[in-house]
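Structure, as structure tokens:
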Amino acid sequence: MGTDMNELDHELIERYLSGDMDPDTKAAFESRLETEPDLLHTLQTWRNVEATLRQTLQPDAQREELKKTLHELRPVITKQPAKVVRFNRSLLAIASLAAAVALILYLSPWEQDLYQQYGAKEMISPAERGTGTDTLLANAAHQFNHHHYAQAITTLDKVLADQPDNAYARYYRGLSYLENKQPAQARPDLEAIYNGESVFKYEGAFFMALSYLKEKNEDKCREWLEKIPEDADIYAKARELLEKL
Amino acid sequence: MSTQTPHADQYFIHALLNNEAQVVGEIYRRFAPRVKHYIMQNSGTADDAADIFQESLVDIYNQARYKNLVLTCPFEPFLLMVCKRKWLNELKKRGRQGVTKDLDDQFNLGEDSFRDAEKTWADNEKARLFKAMLEKMGERCQEIIRWSLTDKPQEEIASKLGVTYGYLRKKKSECMAALISEIKENLSKWGLT
């Protein structure tokens, strides 16, 4: 842009582009454009900036819809390829639940601090089979999902009193303690999960790591993340967190 | 943009324009792995790849919707070129150099297609620059420019903003001149010319 442009020229450009010029002024201005390349160049830039901004700023509902579709497809790129594992029927529900939890963990990477980013977000209610235990677990899921972690702990205590081997209940009690800011109480449950053979085994290790992260004990956090083998579903997340530490 | 007949892959562009989820899904499944590989080979993460891929598709949408982009080569090399251009610029913005692995050898993009891909990236990057510079301006200038770019009559805008038409015109020309000067100063920082 020329340095000899002045306010008056700017106003002339503006008037010319908005069609607000009488014929004489317009003719005079156009003959200047032929001899003053700087003026012409500024006029062109001006027109381009206006046109581009008009296009950028105008709402485009179709574009917004496309963005939603693209966002939904994001996991195609960010998610590690899933391993195909066959479970028997009773484990299937739990497996899909673990996948759902993994997805939820994955879906919140824009949260600020690391614990927030990787912490548990949702407990999936078990399929309704109408047994007393299932009702309790459904209640616990409801409480957990509404962030009433202390209540969820009480409910899960009842399940575990009756069924101490219920890994699902134990895992979520651990997570409830963790979310309830009681990492030390969370650890016995999570460690038991890690030492067991349930589908949550390595999630147990992952949340053990997070319990230490919550206490800013990065060494211990790292130590637990290292326990997660490459073929575990949570491995990618664990590596990611390790890198951020 | 070229006046040749569209390449058969033009249907991918239609799918973006019409938000056809199934075909857009196909774009991800078929072409994303390569982009991801390229970006991860060149100091990026999977998240970076997802951002770049998504933004590139929106850029292509914009170019087709507002600038009549017509595909004259297969979609894949075109898309990869847009993604690559975007990633190189992102690396530059992050102050990193040293891109080692290249895509170029794998694809022979004709000159026209190369230019179209480059233009798709550049036009969209410019739009982002213009908007970013506008957002840096004072509130009054932003208000005046934003209103002026709507289709409302200038007299109506003046009365809405509580000023005379003459004042609005004068103020708008000042604001536009300031915006343009700001844009010119930042062009090269954004990798544009």
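Ligands are numbered from 1 in the order shown, residues from 1 within each chain, and chains are lettered A, B, ... in the order they appear in the structure tokens.
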
(request) Define the interface residues of chain A facing chain B as those within 7 Å, counting only C-alpha atoms, and report them as a list of chain:residue names. (result) A:His10, A:Glu11, A:Glu14, A:Val49, A:Thr52, A:Leu53, A:Arg54, A:Thr56, A:Glu65, A:Leu66, A:Thr69, A:Leu70, A:Leu73, A:Arg74, A:Val76, A:Ile77, A:Thr78

So which residues of segment 87-160 of chain B fall under alpha helix (DSSP H) by DSSP, listed as an mmCIF file with C-alpha atoms, in the first residue's frame?
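Output (out33.cif):
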```cif
data_model
loop_
_atom_site.group_PDB
_atom_site.id
_atom_site.type_symbol
_atom_site.label_atom_id
_atom_site.label_comp_id
_atom_site.auth_asym_id
_atom_site.auth_seq_id
_atom_site.Cartn_x
_atom_site.Cartn_y
_atom_site.Cartn_z
ATOM 1 C CA TRP B 87 0.454 -28.689 8.244
ATOM 2 C CA LEU B 88 3.632 -27.088 6.914
ATOM 3 C CA ASN B 89 2.213 -23.699 7.748
ATOM 4 C CA GLU B 90 1.169 -24.865 11.188
ATOM 5 C CA LEU B 91 4.705 -26.095 11.832
ATOM 6 C CA LYS B 92 6.020 -22.750 10.727
ATOM 7 C CA LYS B 93 3.653 -20.961 13.088
ATOM 8 C CA GLU B 111 0.090 -28.208 -12.369
ATOM 9 C CA ASP B 112 -3.538 -27.047 -12.434
ATOM 10 C CA SER B 113 -4.511 -29.266 -9.559
ATOM 11 C CA PHE B 114 -1.498 -28.202 -7.591
ATOM 12 C CA ARG B 115 -2.457 -24.580 -8.113
ATOM 13 C CA ASP B 116 -6.066 -25.262 -7.124
ATOM 14 C CA ALA B 117 -4.974 -27.023 -3.943
ATOM 15 C CA GLU B 118 -2.588 -24.197 -3.099
ATOM 16 C CA LYS B 119 -5.323 -21.654 -3.752
ATOM 17 C CA THR B 120 -7.829 -23.574 -1.653
ATOM 18 C CA TRP B 121 -5.459 -23.440 1.254
ATOM 19 C CA ALA B 122 -4.396 -19.822 0.689
ATOM 20 C CA ASP B 123 -7.893 -18.408 0.214
ATOM 21 C CA ASN B 124 -9.052 -20.017 3.415
ATOM 22 C CA GLU B 125 -5.973 -19.022 5.344
ATOM 23 C CA LYS B 126 -6.502 -15.455 4.205
ATOM 24 C CA ALA B 127 -10.099 -15.566 5.377
ATOM 25 C CA ARG B 128 -8.869 -16.716 8.787
ATOM 26 C CA LEU B 129 -6.267 -13.954 8.879
ATOM 27 C CA PHE B 130 -8.811 -11.284 7.949
ATOM 28 C CA LYS B 131 -11.186 -12.465 10.622
ATOM 29 C CA ALA B 132 -8.456 -12.687 13.258
ATOM 30 C CA MET B 133 -7.315 -9.134 12.484
ATOM 31 C CA LEU B 134 -10.881 -7.855 12.599
ATOM 32 C CA GLU B 135 -11.293 -9.444 16.005
ATOM 33 C CA LYS B 136 -8.216 -7.594 17.239
ATOM 34 C CA GLU B 139 -15.191 -2.749 19.488
ATOM 35 C CA ARG B 140 -16.574 0.251 17.673
ATOM 36 C CA CYS B 141 -14.644 -0.525 14.485
ATOM 37 C CA GLN B 142 -15.698 -4.157 14.632
ATOM 38 C CA GLU B 143 -19.286 -3.160 15.063
ATOM 39 C CA ILE B 144 -19.182 -0.753 12.156
ATOM 40 C CA ILE B 145 -17.455 -3.190 9.807
ATOM 41 C CA ARG B 146 -19.649 -6.112 10.740
ATOM 42 C CA TRP B 147 -22.800 -4.085 10.212
ATOM 43 C CA SER B 148 -21.574 -2.601 6.951
ATOM 44 C CA GLN B 154 -26.230 2.067 5.110
ATOM 45 C CA GLU B 155 -28.776 4.661 6.299
ATOM 46 C CA GLU B 156 -30.459 2.029 8.428
ATOM 47 C CA ILE B 157 -27.131 0.947 9.899
ATOM 48 C CA ALA B 158 -26.239 4.555 10.704
ATOM 49 C CA SER B 159 -29.455 5.045 12.613
ATOM 50 C CA LYS B 160 -29.012 1.704 14.371
#
```

(message) Residues within 9 Å of Cys73 of chain B, please, as a PyMOL selection string. Count only C-alpha atoms; anything in the same chain fewer than 4 positions from it doesn't count.
(response) chain B and resi 6-10+77-78+109-110+112-113

(request) For atom CA of Leu17 of chain A and atom CA of Leu43 of chain A, quote the distance in Å rounded to one decimal. (result)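 Atom-to-atom, atom CA of Leu17 of chain A to atom CA of Leu43 of chain A, that is 8.3 Å.
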
(message) As an exercise, work out the distance from atom CA of Ile153 of chain A to atom CA of Arg173 of chain A in Å and give it to one decimal place.
(response) 5.6 Å

(request) Within 12 Å of Leu210 of chain A, counting only C-alpha atoms, which residues show up once you throw out same-chain ones fewer than 6 positions away? Write them as a PyMOL selection string, please. (result) chain A and resi 113-120+174-175+177-179+181-184+186-187+190+203-204+216-225+237-238+241-242+245

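The gap separating atom CA of Val23 of chain B from atom CA of Ala64 of chain B is 16.4 Å, in Å to one decimal.
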
(message) List as a PyMOL selection string the protein and nucleic acid residues near segment 157-169 of chain A, meaning an atom at most 8 Å away when only C-alpha atoms are counted, but skip any in the same chain fewer than 4 places from it.
(response) chain A and resi 94+133+136-137+153+173+193+198+200

Only C-alpha atoms, please: the residues just picked out, written as a compact mmCIF listing (two decimals), in the first residue's frame.
```
# COMPACT_ATOMS: atom_id res chain seq x y z
CA ILE A 94 -19.21 -55.44 30.58
CA THR A 133 -28.14 -56.42 42.67
CA LEU A 136 -28.58 -51.41 43.27
CA LEU A 137 -26.08 -51.10 40.44
CA ILE A 153 -20.02 -45.56 47.45
CA ARG A 173 -16.45 -47.93 43.90
CA ILE A 193 -9.06 -54.82 40.10
CA SER A 198 -11.64 -58.83 34.96
CA PHE A 200 -11.20 -53.75 33.86
```

(request) Could you tell me which of B:Tyr38, B:Phe31, B:Tyr167, B:Phe75 comes closest to Tyr11 of chain B if we count only C-alpha atoms? (result) B:Phe75
